[in-house]
Structure formats: structure tokens, C-alpha cells
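Asks: Below is the file start-v5.cif, which contains mmCIF, C-alpha atoms.
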data_upload
#
loop_
_atom_site.group_PDB
_atom_site.id
_atom_site.type_symbol
_atom_site.label_atom_id
_atom_site.label_comp_id
_atom_site.auth_asym_id
_atom_site.auth_seq_id
_atom_site.Cartn_x
_atom_site.Cartn_y
_atom_site.Cartn_z
ATOM 1 C CA MET A 49 -11.298 -1.302 71.509
ATOM 2 C CA ALA A 50 -9.014 -1.025 68.501
ATOM 3 C CA ARG A 51 -12.007 -0.877 66.161
ATOM 4 C CA LEU A 52 -13.562 1.859 68.280
ATOM 5 C CA LEU A 53 -10.369 3.899 68.115
ATOM 6 C CA HIS A 54 -10.197 3.350 64.351
ATOM 7 C CA ASN A 55 -13.768 4.559 63.861
ATOM 8 C CA LEU A 56 -13.150 7.538 66.134
ATOM 9 C CA LEU A 57 -10.031 8.502 64.181
ATOM 10 C CA LEU A 58 -11.873 8.118 60.867
ATOM 11 C CA LEU A 59 -14.732 10.287 62.131
ATOM 12 C CA THR A 60 -12.247 12.934 63.297
ATOM 13 C CA VAL A 61 -10.543 13.024 59.886
ATOM 14 C CA ARG A 62 -13.867 13.338 58.068
ATOM 15 C CA LEU A 63 -15.025 16.121 60.354
ATOM 16 C CA THR A 64 -11.704 17.936 59.896
ATOM 17 C CA ILE A 65 -12.037 17.770 56.117
ATOM 18 C CA LYS A 66 -15.634 19.002 56.212
ATOM 19 C CA VAL A 67 -14.760 21.860 58.553
ATOM 20 C CA ARG A 68 -11.823 22.833 56.332
ATOM 21 C CA VAL A 69 -13.962 22.834 53.182
ATOM 22 C CA LEU A 70 -16.685 24.802 54.965
ATOM 23 C CA GLY A 71 -14.098 27.283 56.156
ATOM 24 C CA TYR A 72 -12.705 27.773 52.643
ATOM 25 C CA TRP A 73 -16.087 28.449 51.094
ATOM 26 C CA SER A 74 -17.226 30.626 53.974
ATOM 27 C CA LEU A 75 -14.103 32.706 53.465
ATOM 28 C CA ILE A 76 -14.682 33.041 49.743
ATOM 29 C CA TYR A 77 -18.364 33.859 49.877
ATOM 30 C CA GLY A 78 -17.769 36.212 52.786
ATOM 31 C CA TYR A 79 -15.144 38.036 50.715
ATOM 32 C CA CYS A 80 -17.495 38.140 47.741
ATOM 33 C CA ALA A 81 -20.203 39.619 49.951
ATOM 34 C CA LEU A 82 -17.723 42.274 51.085
ATOM 35 C CA CYS A 83 -16.757 43.081 47.500
ATOM 36 C CA THR A 84 -20.429 43.254 46.541
ATOM 37 C CA ALA A 85 -20.984 45.770 49.342
ATOM 38 C CA VAL A 86 -18.011 47.794 48.074
ATOM 39 C CA ALA A 87 -19.428 47.683 44.534
ATOM 40 C CA LEU A 88 -22.798 48.934 45.766
ATOM 41 C CA LEU A 89 -21.132 51.731 47.716
ATOM 42 C CA LYS A 90 -19.233 52.734 44.598
ATOM 43 C CA LEU A 91 -22.478 52.701 42.642
ATOM 44 C CA TRP A 92 -24.238 54.924 45.176
ATOM 45 C CA TRP A 93 -21.240 57.274 45.239
ATOM 46 C CA SER A 94 -21.362 57.557 41.468
ATOM 47 C CA ILE A 95 -25.077 58.315 41.631
ATOM 48 C CA LEU A 96 -24.402 60.966 44.276
ATOM 49 C CA ILE A 97 -21.677 62.842 42.412
ATOM 50 C CA ARG A 98 -22.852 62.142 38.829
ATOM 51 C CA PRO A 99 -26.615 61.654 39.056
ATOM 52 C CA THR A 100 -27.279 62.565 35.431
ATOM 53 C CA THR A 101 -24.561 60.459 33.814
ATOM 54 C CA THR A 102 -24.357 57.298 35.928
ATOM 55 C CA PHE A 103 -27.047 55.529 33.911
ATOM 56 C CA GLN A 104 -26.554 57.294 30.576
ATOM 57 C CA TRP A 105 -25.149 55.328 27.666
ATOM 58 C CA ALA A 106 -24.121 56.948 24.405
ATOM 59 C CA ILE A 107 -25.480 55.504 21.166
ATOM 60 C CA ARG A 108 -22.544 54.754 18.895
ATOM 61 C CA GLU A 109 -23.635 54.580 15.294
ATOM 62 C CA THR A 110 -20.241 53.587 13.887
ATOM 63 C CA PRO A 111 -17.407 51.529 15.380
ATOM 64 C CA PRO A 112 -14.014 53.120 16.103
ATOM 65 C CA ALA A 113 -11.896 53.537 12.985
ATOM 66 C CA CYS A 114 -9.193 51.208 14.334
ATOM 67 C CA LEU A 115 -11.593 48.259 14.061
ATOM 68 C CA ASN A 116 -11.777 48.770 10.295
ATOM 69 C CA ASP A 117 -8.014 48.836 9.783
ATOM 70 C CA THR A 118 -7.527 46.654 6.702
ATOM 71 C CA SER A 119 -3.902 45.946 7.617
ATOM 72 C CA LEU A 120 -5.136 43.768 10.467
ATOM 73 C CA GLY A 121 -6.970 41.331 8.207
ATOM 74 C CA THR A 122 -10.340 40.516 6.694
ATOM 75 C CA HIS A 123 -13.572 40.465 8.685
ATOM 76 C CA CYS A 124 -15.501 37.231 8.158
ATOM 77 C CA TYR A 125 -18.470 35.377 9.621
ATOM 78 C CA VAL A 126 -19.345 31.733 10.044
ATOM 79 C CA ARG A 127 -22.638 30.211 11.138
ATOM 80 C CA ILE A 128 -22.288 26.852 12.844
ATOM 81 C CA LYS A 129 -25.126 24.509 11.888
ATOM 82 C CA GLU A 130 -25.093 22.492 15.122
ATOM 83 C CA SER A 131 -25.371 25.457 17.502
ATOM 84 C CA GLY A 132 -27.019 27.867 15.064
ATOM 85 C CA LEU A 133 -24.685 30.634 16.255
ATOM 86 C CA ARG A 134 -22.891 33.092 14.017
ATOM 87 C CA PHE A 135 -19.253 33.818 14.857
ATOM 88 C CA HIS A 136 -17.205 36.797 13.755
ATOM 89 C CA TYR A 137 -13.490 36.513 13.143
ATOM 90 C CA VAL A 138 -10.639 38.434 11.557
ATOM 91 C CA ALA A 139 -8.252 36.489 9.321
ATOM 92 C CA ALA A 140 -4.820 37.482 8.033
ATOM 93 C CA GLY A 141 -2.275 35.574 5.973
ATOM 94 C CA GLU A 142 -2.684 33.418 2.901
ATOM 95 C CA ARG A 143 -5.156 30.571 2.807
ATOM 96 C CA GLY A 144 -3.498 27.183 2.905
ATOM 97 C CA ARG A 145 -0.822 28.171 5.378
ATOM 98 C CA PRO A 146 -0.853 26.477 8.819
ATOM 99 C CA LEU A 147 -3.697 27.765 10.973
ATOM 100 C CA MET A 148 -2.972 29.853 14.064
ATOM 101 C CA LEU A 149 -6.207 30.299 16.034
ATOM 102 C CA LEU A 150 -6.301 33.045 18.679
ATOM 103 C CA LEU A 151 -8.745 32.943 21.632
ATOM 104 C CA HIS A 152 -9.131 36.192 23.586
ATOM 105 C CA GLY A 153 -9.724 36.719 27.306
ATOM 106 C CA PHE A 154 -12.380 38.534 29.331
ATOM 107 C CA PRO A 155 -13.732 41.106 28.599
ATOM 108 C CA GLU A 156 -11.929 41.398 25.270
ATOM 109 C CA PHE A 157 -12.566 40.472 21.635
ATOM 110 C CA TRP A 158 -10.559 39.897 18.447
ATOM 111 C CA PHE A 159 -8.872 43.329 18.572
ATOM 112 C CA SER A 160 -6.699 42.269 21.513
ATOM 113 C CA TRP A 161 -4.707 40.168 18.995
ATOM 114 C CA ARG A 162 -4.011 43.039 16.557
ATOM 115 C CA TYR A 163 -0.229 42.847 16.983
ATOM 116 C CA GLN A 164 -0.175 39.072 16.521
ATOM 117 C CA LEU A 165 -2.321 39.338 13.387
ATOM 118 C CA ARG A 166 0.309 41.573 11.821
ATOM 119 C CA GLU A 167 3.318 39.682 13.173
ATOM 120 C CA PHE A 168 2.461 36.119 12.177
ATOM 121 C CA LYS A 169 0.502 36.543 8.957
ATOM 122 C CA SER A 170 3.641 35.990 6.879
ATOM 123 C CA GLU A 171 3.945 32.411 8.164
ATOM 124 C CA PHE A 172 0.419 31.396 9.185
ATOM 125 C CA ARG A 173 -3.218 31.782 8.380
ATOM 126 C CA VAL A 174 -3.924 33.773 11.538
ATOM 127 C CA VAL A 175 -7.515 33.853 12.773
ATOM 128 C CA ALA A 176 -8.679 35.896 15.785
ATOM 129 C CA VAL A 177 -12.219 34.865 16.664
ATOM 130 C CA ASP A 178 -14.832 36.593 18.806
ATOM 131 C CA MET A 179 -15.994 33.809 21.102
ATOM 132 C CA ARG A 180 -19.693 33.396 21.798
ATOM 133 C CA GLY A 181 -21.011 36.325 23.812
ATOM 134 C CA TYR A 182 -18.244 38.717 22.735
ATOM 135 C CA GLY A 183 -17.700 41.305 20.022
ATOM 136 C CA ASP A 184 -19.736 40.793 16.881
ATOM 137 C CA SER A 185 -20.423 37.098 17.503
ATOM 138 C CA ASP A 186 -23.859 35.949 18.625
ATOM 139 C CA GLN A 187 -24.696 36.399 22.295
ATOM 140 C CA PRO A 188 -27.048 33.719 23.658
ATOM 141 C CA LEU A 189 -29.102 35.000 26.577
ATOM 142 C CA SER A 190 -29.249 31.791 28.601
ATOM 143 C CA PRO A 191 -26.380 31.264 31.091
ATOM 144 C CA GLU A 192 -26.614 27.582 30.207
ATOM 145 C CA SER A 193 -25.357 28.466 26.714
ATOM 146 C CA TYR A 194 -21.910 29.308 28.105
ATOM 147 C CA ARG A 195 -21.052 25.900 29.502
ATOM 148 C CA LEU A 196 -17.427 24.947 28.985
ATOM 149 C CA ASP A 197 -18.270 21.982 26.752
ATOM 150 C CA TYR A 198 -20.160 24.310 24.408
ATOM 151 C CA LEU A 199 -17.233 26.724 24.239
ATOM 152 C CA VAL A 200 -14.797 23.914 23.486
ATOM 153 C CA THR A 201 -17.101 22.585 20.759
ATOM 154 C CA ASP A 202 -17.223 26.089 19.242
ATOM 155 C CA VAL A 203 -13.450 25.971 18.735
ATOM 156 C CA LYS A 204 -13.650 22.561 17.087
ATOM 157 C CA ASP A 205 -16.449 23.688 14.769
ATOM 158 C CA ILE A 206 -14.577 26.860 13.754
ATOM 159 C CA VAL A 207 -11.352 24.983 12.999
ATOM 160 C CA GLU A 208 -13.240 22.510 10.806
ATOM 161 C CA TYR A 209 -15.217 25.272 9.068
ATOM 162 C CA LEU A 210 -11.952 26.982 8.163
ATOM 163 C CA GLY A 211 -10.948 23.803 6.347
ATOM 164 C CA TYR A 212 -8.386 22.509 8.832
ATOM 165 C CA ASN A 213 -8.125 19.475 11.056
ATOM 166 C CA ARG A 214 -5.204 20.820 13.121
ATOM 167 C CA CYS A 215 -4.103 24.225 14.386
ATOM 168 C CA LEU A 216 -1.590 26.096 16.456
ATOM 169 C CA LEU A 217 -3.822 27.231 19.316
ATOM 170 C CA VAL A 218 -3.130 30.396 21.320
ATOM 171 C CA GLY A 219 -5.267 31.419 24.288
ATOM 172 C CA HIS A 220 -5.152 34.260 26.802
ATOM 173 C CA ASP A 221 -6.913 34.472 30.181
ATOM 174 C CA TRP A 222 -10.416 32.967 29.761
ATOM 175 C CA GLY A 223 -9.466 31.979 26.232
ATOM 176 C CA GLY A 224 -6.515 30.176 27.796
ATOM 177 C CA ILE A 225 -8.877 28.003 29.858
ATOM 178 C CA ILE A 226 -10.766 27.090 26.681
ATOM 179 C CA ALA A 227 -7.467 26.375 24.905
ATOM 180 C CA TRP A 228 -6.351 24.030 27.711
ATOM 181 C CA LEU A 229 -9.653 22.137 27.622
ATOM 182 C CA PHE A 230 -9.661 21.933 23.828
ATOM 183 C CA ALA A 231 -6.148 20.434 23.870
ATOM 184 C CA ILE A 232 -7.255 17.937 26.525
ATOM 185 C CA HIS A 233 -10.366 16.816 24.621
ATOM 186 C CA TYR A 234 -8.990 17.065 21.067
ATOM 187 C CA PRO A 235 -5.200 16.590 21.308
ATOM 188 C CA GLU A 236 -5.064 15.336 17.722
ATOM 189 C CA MET A 237 -6.253 18.766 16.529
ATOM 190 C CA VAL A 238 -3.526 20.769 18.289
ATOM 191 C CA VAL A 239 -0.096 21.078 16.702
ATOM 192 C CA LYS A 240 1.165 23.433 19.392
ATOM 193 C CA LEU A 241 -0.505 25.023 22.394
ATOM 194 C CA ILE A 242 0.437 28.485 23.691
ATOM 195 C CA VAL A 243 -1.358 29.745 26.795
ATOM 196 C CA LEU A 244 -0.890 33.165 28.379
ATOM 197 C CA ASN A 245 -1.985 34.123 31.881
ATOM 198 C CA SER A 246 -3.953 30.927 32.476
ATOM 199 C CA PRO A 247 -2.587 27.908 34.383
ATOM 200 C CA HIS A 248 -3.656 24.351 33.677
ATOM 201 C CA PRO A 249 -7.197 23.853 35.111
ATOM 202 C CA SER A 250 -6.247 20.991 37.424
ATOM 203 C CA VAL A 251 -3.155 22.827 38.688
ATOM 204 C CA LEU A 252 -5.209 25.940 39.422
ATOM 205 C CA ALA A 253 -7.897 23.956 41.265
ATOM 206 C CA ASP A 254 -5.351 22.057 43.366
ATOM 207 C CA TYR A 255 -3.343 25.179 44.172
ATOM 208 C CA ALA A 256 -6.434 27.204 45.048
ATOM 209 C CA LEU A 257 -7.689 24.568 47.474
ATOM 210 C CA ARG A 258 -4.340 24.627 49.297
ATOM 211 C CA HIS A 259 -3.853 28.392 49.213
ATOM 212 C CA PRO A 260 -6.830 30.503 50.366
ATOM 213 C CA SER A 261 -5.127 33.641 49.063
ATOM 214 C CA GLN A 262 -5.517 32.321 45.503
ATOM 215 C CA LEU A 263 -9.214 31.733 46.085
ATOM 216 C CA LEU A 264 -9.533 35.325 47.220
ATOM 217 C CA LYS A 265 -7.719 36.540 44.104
ATOM 218 C CA SER A 266 -10.126 34.496 41.973
ATOM 219 C CA SER A 267 -13.210 35.626 43.825
ATOM 220 C CA HIS A 268 -14.385 37.720 40.853
ATOM 221 C CA PHE A 269 -15.511 34.374 39.394
ATOM 222 C CA PHE A 270 -18.089 34.248 42.158
ATOM 223 C CA PHE A 271 -18.980 37.919 41.869
ATOM 224 C CA PHE A 272 -19.846 37.378 38.213
ATOM 225 C CA GLN A 273 -22.337 34.655 39.174
ATOM 226 C CA LEU A 274 -24.579 37.253 40.820
ATOM 227 C CA PRO A 275 -27.626 38.250 38.757
ATOM 228 C CA ARG A 276 -27.496 41.657 37.029
ATOM 229 C CA LEU A 277 -25.110 43.420 39.450
ATOM 230 C CA PRO A 278 -21.858 42.689 37.542
ATOM 231 C CA GLU A 279 -23.382 43.909 34.263
ATOM 232 C CA LEU A 280 -24.638 47.030 36.006
ATOM 233 C CA MET A 281 -21.250 47.783 37.559
ATOM 234 C CA LEU A 282 -19.484 47.400 34.223
ATOM 235 C CA SER A 283 -21.940 49.691 32.449
ATOM 236 C CA ILE A 284 -22.157 52.696 34.761
ATOM 237 C CA ASN A 285 -20.890 56.032 33.442
ATOM 238 C CA ASP A 286 -21.105 54.782 29.863
ATOM 239 C CA PHE A 287 -18.889 51.744 30.511
ATOM 240 C CA LYS A 288 -15.999 53.887 31.796
ATOM 241 C CA VAL A 289 -15.811 52.217 35.188
ATOM 242 C CA GLY A 290 -13.686 49.275 34.065
ATOM 243 C CA TYR A 291 -13.596 46.228 36.304
ATOM 244 C CA PRO A 292 -15.654 46.330 39.497
ATOM 245 C CA PRO A 293 -13.737 46.544 42.799
ATOM 246 C CA VAL A 294 -13.828 42.766 43.227
ATOM 247 C CA CYS A 295 -11.439 42.347 40.298
ATOM 248 C CA VAL A 296 -8.803 44.813 41.459
#
For this file, produce the structure as C-alpha cells.

Replies:
Amino acid sequence: MARLLHNLLLLTVRLTIKVRVLGYWSLIYGYCALCTAVALLKLWWSILIRPTTTFQWAIRETPPACLNDTSLGTHCYVRIKESGLRFHYVAAGERGRPLMLLLHGFPEFWFSWRYQLREFKSEFRVVAVDMRGYGDSDQPLSPESYRLDYLVTDVKDIVEYLGYNRCLLVGHDWGGIIAWLFAIHYPEMVVKLIVLNSPHPSVLADYALRHPSQLLKSSHFFFFQLPRLPELMLSINDFKVGYPPVCV
């Protein structure tokens, strides 16, 4: 009898956990479906009121003048032999000084660090890199090419190419996630770690599982897994739409 009660209790606990997990994911994917519907409605509304401009994109022959501001640093490129990818970065400060490597967030590029490039170049060799898929760095077409282990390896390769074995690593948003993972996998290469707007990966995962509201706030991760629709929403009206509704 006792064994029967034990097995019944164990079965109840397992079913409760499964139902809870199913409920979480149903909530998230249901919310993503709602946000997708909102995005499509916004797209159709744009087509209705701006039929001639919704899918028009201007051809820009030259970059904005601010991107060529020499006071921000020197534009450089590095091709990594292992991956075959070419990375663009902007460097400021004298060679030989301690390396400060800056990793931008989504959907940004090196220019988001323009103030830091000016501020810290007197003490560091400051390098703001365009991560793979952003800015003037190479953009692999395969989604498989953006696995986290590849992105972490990119940071390691860039640090070593620059002639350093250690750096002060600064990451923001998505770049913050990469910075956390790099420090976890290569702690000997990180002198100091500064992360903005990006909690530790394990803390975020644990908190999100216990707080459905956080999963809802992070649901744009799931929206961006959809084929083609996120890119389309970001590009309408010559890329003036900003984030799709799911990210608001």
C-alpha cells in the first residue's frame, strides 16, 4: 500500500511538472502568435496607407558622414583563417596599451560605442568590433552559422589576432550574452568583465522559468525564429519601422 501511494505521488508530481512546462510554452507561443498577427496587421495597414513606399528601399551609395569621423578611430579588417570570415572593427588608442574590446547589441554595430571610443582611448587600446552578421563584417547566410559557440570563438580569434591574450571585455544586450559566455569559457582571457543590459544566462533562464511575465517580455526571441517575417517587418518603409510590435 505504501509503495502504491509512493508511485501515485511520484506520478502526480511528474504530471504537474509536465503540465506546468506545457502551460509555460503554450503561453509563450500563443503570445508570439498574437504578436505575429499584430505585425501582419501593421504590415497590411502600411500597404493600405503607403502602397508605393512600403516595399521601396533607397540605394545609398555612400555611408553617413558620421561613420567616417576620424576622431572615433581607425577602420580595420581581420580575416579569421578558421572560420574564413572577415570582421570589421574600429580601433582607437595606442597599440600596446591594455585591450578594451566592445561587443554591441542587436540590431547595432560598432557605432553604438562612439562615446566609449573617445572616452577610453587615452588609457586603453579600444576596439569596437562588428560581430558576424552586423555592419561591415561578413554575414553568413546559414542560421547554423550564428550558433553561440561560433560567436564566442569569434571573440577569442579577434583578441588573439590583435596580439593580446587578455582583455577588458565590455558587452551590451546581445553582445552582453556573448561576453558572459566568453568569460565562462575563457576566464583566463578576461581581465575585467563589464556587461550592460544583459543578466547572467543561468540567472535569466531560472528567473524566466519562474516568472511567466519575463518570458513574455523576451518573446521577441521566438518571433525572430520565424522565417522571413522579422526581416520583412524591419525593412518596410525603407527600414523606418524600427522594432516590430513584438519587441515593444

Asks: Evaluate the PyMOL selection byres ((chain A and resi 206-221) around 10) against this structure - the residues, as a ChimeraX atom specification, please.

Replies: /A:126-128,135,137,143-144,146-156,160-161,172-177,201-205,222-228,230-231,234-247

Asks: Next, the residues of the selection above should be written as a PDB file, keeping the file's coordinate frame with C-alpha atoms.

Replies:
ATOM      1  CA  VAL A 126     -19.345  31.733  10.044  1.00  0.00           C
ATOM      2  CA  ARG A 127     -22.638  30.211  11.138  1.00  0.00           C
ATOM      3  CA  ILE A 128     -22.288  26.852  12.844  1.00  0.00           C
ATOM      4  CA  PHE A 135     -19.253  33.818  14.857  1.00  0.00           C
ATOM      5  CA  TYR A 137     -13.490  36.513  13.143  1.00  0.00           C
ATOM      6  CA  ARG A 143      -5.156  30.571   2.807  1.00  0.00           C
ATOM      7  CA  GLY A 144      -3.498  27.183   2.905  1.00  0.00           C
ATOM      8  CA  PRO A 146      -0.853  26.477   8.819  1.00  0.00           C
ATOM      9  CA  LEU A 147      -3.697  27.765  10.973  1.00  0.00           C
ATOM     10  CA  MET A 148      -2.972  29.853  14.064  1.00  0.00           C
ATOM     11  CA  LEU A 149      -6.207  30.299  16.034  1.00  0.00           C
ATOM     12  CA  LEU A 150      -6.301  33.045  18.679  1.00  0.00           C
ATOM     13  CA  LEU A 151      -8.745  32.943  21.632  1.00  0.00           C
ATOM     14  CA  HIS A 152      -9.131  36.192  23.586  1.00  0.00           C
ATOM     15  CA  GLY A 153      -9.724  36.719  27.306  1.00  0.00           C
ATOM     16  CA  PHE A 154     -12.380  38.534  29.331  1.00  0.00           C
ATOM     17  CA  PRO A 155     -13.732  41.106  28.599  1.00  0.00           C
ATOM     18  CA  GLU A 156     -11.929  41.398  25.270  1.00  0.00           C
ATOM     19  CA  SER A 160      -6.699  42.269  21.513  1.00  0.00           C
ATOM     20  CA  TRP A 161      -4.707  40.168  18.995  1.00  0.00           C
ATOM     21  CA  PHE A 172       0.419  31.396   9.185  1.00  0.00           C
ATOM     22  CA  ARG A 173      -3.218  31.782   8.380  1.00  0.00           C
ATOM     23  CA  VAL A 174      -3.924  33.773  11.538  1.00  0.00           C
ATOM     24  CA  VAL A 175      -7.515  33.853  12.773  1.00  0.00           C
ATOM     25  CA  ALA A 176      -8.679  35.896  15.785  1.00  0.00           C
ATOM     26  CA  VAL A 177     -12.219  34.865  16.664  1.00  0.00           C
ATOM     27  CA  THR A 201     -17.101  22.585  20.759  1.00  0.00           C
ATOM     28  CA  ASP A 202     -17.223  26.089  19.242  1.00  0.00           C
ATOM     29  CA  VAL A 203     -13.450  25.971  18.735  1.00  0.00           C
ATOM     30  CA  LYS A 204     -13.650  22.561  17.087  1.00  0.00           C
ATOM     31  CA  ASP A 205     -16.449  23.688  14.769  1.00  0.00           C
ATOM     32  CA  TRP A 222     -10.416  32.967  29.761  1.00  0.00           C
ATOM     33  CA  GLY A 223      -9.466  31.979  26.232  1.00  0.00           C
ATOM     34  CA  GLY A 224      -6.515  30.176  27.796  1.00  0.00           C
ATOM     35  CA  ILE A 225      -8.877  28.003  29.858  1.00  0.00           C
ATOM     36  CA  ILE A 226     -10.766  27.090  26.681  1.00  0.00           C
ATOM     37  CA  ALA A 227      -7.467  26.375  24.905  1.00  0.00           C
ATOM     38  CA  TRP A 228      -6.351  24.030  27.711  1.00  0.00           C
ATOM     39  CA  PHE A 230      -9.661  21.933  23.828  1.00  0.00           C
ATOM     40  CA  ALA A 231      -6.148  20.434  23.870  1.00  0.00           C
ATOM     41  CA  TYR A 234      -8.990  17.065  21.067  1.00  0.00           C
ATOM     42  CA  PRO A 235      -5.200  16.590  21.308  1.00  0.00           C
ATOM     43  CA  GLU A 236      -5.064  15.336  17.722  1.00  0.00           C
ATOM     44  CA  MET A 237      -6.253  18.766  16.529  1.00  0.00           C
ATOM     45  CA  VAL A 238      -3.526  20.769  18.289  1.00  0.00           C
ATOM     46  CA  VAL A 239      -0.096  21.078  16.702  1.00  0.00           C
ATOM     47  CA  LYS A 240       1.165  23.433  19.392  1.00  0.00           C
ATOM     48  CA  LEU A 241      -0.505  25.023  22.394  1.00  0.00           C
ATOM     49  CA  ILE A 242       0.437  28.485  23.691  1.00  0.00           C
ATOM     50  CA  VAL A 243      -1.358  29.745  26.795  1.00  0.00           C
ATOM     51  CA  LEU A 244      -0.890  33.165  28.379  1.00  0.00           C
ATOM     52  CA  ASN A 245      -1.985  34.123  31.881  1.00  0.00           C
ATOM     53  CA  SER A 246      -3.953  30.927  32.476  1.00  0.00           C
ATOM     54  CA  PRO A 247      -2.587  27.908  34.383  1.00  0.00           C
TER      55      PRO A 247
END

Asks: Residues within 12 Å of Gln262 of chain A, please, as a list of chain:residue names. Count only C-alpha atoms; anything in the same chain fewer than 3 positions from it doesn't count.

Replies: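 The residues that qualify are A:Tyr72, A:Leu75, A:Ile76, A:Val251, A:Leu252, A:Ala253, A:Asp254, A:Tyr255, A:Ala256, A:Leu257, A:Arg258, A:His259, A:Lys265, A:Ser266, A:Ser267, A:His268, A:Phe269.
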
Asks: Closest to His136 of chain A among A:Phe168, A:Phe157, A:Trp105, A:Phe287, using all atoms listed in the file?

Replies: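 Distance minimum relative to His136 of chain A lands on A:Phe157.
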
Asks: Ranking A:Ser170, A:Leu58, A:Thr84, A:Arg68 by minimum distance to Pro260 of chain A and counting all atoms listed in the file, which one comes first?

Replies: A:Arg68

Asks: Restricting the calculation to all atoms listed in the file: of A:Leu264, A:Leu277, A:Thr122, A:Ile284, which residue gets closest to Ser74 of chain A?

Replies: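 Smallest separation from Ser74 of chain A among the options: A:Leu264.
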
Asks: Could you jot down the atom CA of Ile95 of chain A to atom CA of Leu274 of chain A separation for me, Å, one decimal place?

Replies: 21.1 Å

Asks: Run through the PyMOL selection byres ((chain A and resi 133) around 9) on the given coordinates and return the selected residues as a PDB file with C-alpha atoms, in the frame of the given file.

Replies:
ATOM      1  CA  VAL A 126     -19.345  31.733  10.044  1.00  0.00           C
ATOM      2  CA  ARG A 127     -22.638  30.211  11.138  1.00  0.00           C
ATOM      3  CA  ILE A 128     -22.288  26.852  12.844  1.00  0.00           C
ATOM      4  CA  LYS A 129     -25.126  24.509  11.888  1.00  0.00           C
ATOM      5  CA  GLU A 130     -25.093  22.492  15.122  1.00  0.00           C
ATOM      6  CA  SER A 131     -25.371  25.457  17.502  1.00  0.00           C
ATOM      7  CA  GLY A 132     -27.019  27.867  15.064  1.00  0.00           C
ATOM      8  CA  ARG A 134     -22.891  33.092  14.017  1.00  0.00           C
ATOM      9  CA  PHE A 135     -19.253  33.818  14.857  1.00  0.00           C
ATOM     10  CA  ARG A 180     -19.693  33.396  21.798  1.00  0.00           C
ATOM     11  CA  SER A 185     -20.423  37.098  17.503  1.00  0.00           C
ATOM     12  CA  ASP A 186     -23.859  35.949  18.625  1.00  0.00           C
ATOM     13  CA  GLN A 187     -24.696  36.399  22.295  1.00  0.00           C
ATOM     14  CA  PRO A 188     -27.048  33.719  23.658  1.00  0.00           C
TER      15      PRO A 188
END

Asks: To one decimal place in Å, what is the distance between atom CA of Ala87 of chain A and atom CA of Tyr182 of chain A?

Replies: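 Atom-to-atom, atom CA of Ala87 of chain A and atom CA of Tyr182 of chain A are spaced 23.6 Å apart.
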
Asks: Please measure the separation of atom CA of Leu165 of chain A and atom CA of Gly183 of chain A, giving the value in Å to one decimal.

Replies: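 Straight-line distance from atom CA of Leu165 of chain A to atom CA of Gly183 of chain A works out to 16.9 Å.
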
Asks: From the structure just shown, export segment 115-163 of chain A with C-alpha atoms as a tab-separated table (two decimals), in the first residue's frame.

Replies:
chain	number	residue	atom	x	y	z
A	115	LEU	CA	30.72	56.82	-39.80
A	116	ASN	CA	33.88	58.31	-41.30
A	117	ASP	CA	34.65	60.54	-38.32
A	118	THR	CA	38.40	60.07	-37.84
A	119	SER	CA	38.19	61.16	-34.20
A	120	LEU	CA	36.44	57.89	-33.40
A	121	GLY	CA	39.35	55.72	-34.50
A	122	THR	CA	40.76	53.75	-37.41
A	123	HIS	CA	38.70	51.36	-39.52
A	124	CYS	CA	40.37	47.96	-39.82
A	125	TYR	CA	39.58	44.45	-41.04
A	126	VAL	CA	40.67	41.00	-40.00
A	127	ARG	CA	40.03	37.70	-41.75
A	128	ILE	CA	39.95	34.71	-39.42
A	129	LYS	CA	41.56	31.66	-41.02
A	130	GLU	CA	39.50	29.08	-39.12
A	131	SER	CA	36.07	30.50	-39.99
A	132	GLY	CA	37.10	32.27	-43.20
A	133	LEU	CA	35.06	35.31	-42.14
A	134	ARG	CA	36.19	38.91	-42.41
A	135	PHE	CA	35.45	41.16	-39.44
A	136	HIS	CA	35.36	44.94	-39.40
A	137	TYR	CA	36.36	46.89	-36.33
A	138	VAL	CA	37.23	50.43	-35.28
A	139	ALA	CA	40.28	50.89	-33.05
A	140	ALA	CA	41.33	53.91	-31.00
A	141	GLY	CA	44.22	54.43	-28.61
A	142	GLU	CA	47.87	53.49	-28.88
A	143	ARG	CA	48.94	49.97	-29.69
A	144	GLY	CA	50.44	48.17	-26.73
A	145	ARG	CA	48.03	49.59	-24.20
A	146	PRO	CA	45.64	47.16	-22.44
A	147	LEU	CA	42.90	45.97	-24.77
A	148	MET	CA	39.29	47.02	-24.19
A	149	LEU	CA	37.04	45.01	-26.53
A	150	LEU	CA	33.49	46.28	-27.07
A	151	LEU	CA	30.65	43.96	-28.20
A	152	HIS	CA	27.48	45.68	-29.43
A	153	GLY	CA	23.85	44.60	-29.06
A	154	PHE	CA	21.02	43.96	-31.51
A	155	PRO	CA	20.47	45.48	-34.04
A	156	GLU	CA	23.50	47.72	-33.64
A	157	PHE	CA	27.11	47.81	-34.83
A	158	TRP	CA	30.41	49.44	-33.83
A	159	PHE	CA	28.99	52.99	-33.94
A	160	SER	CA	26.98	52.39	-30.76
A	161	TRP	CA	30.32	52.61	-28.88
A	162	ARG	CA	31.36	56.00	-30.32
A	163	TYR	CA	31.39	57.74	-26.93
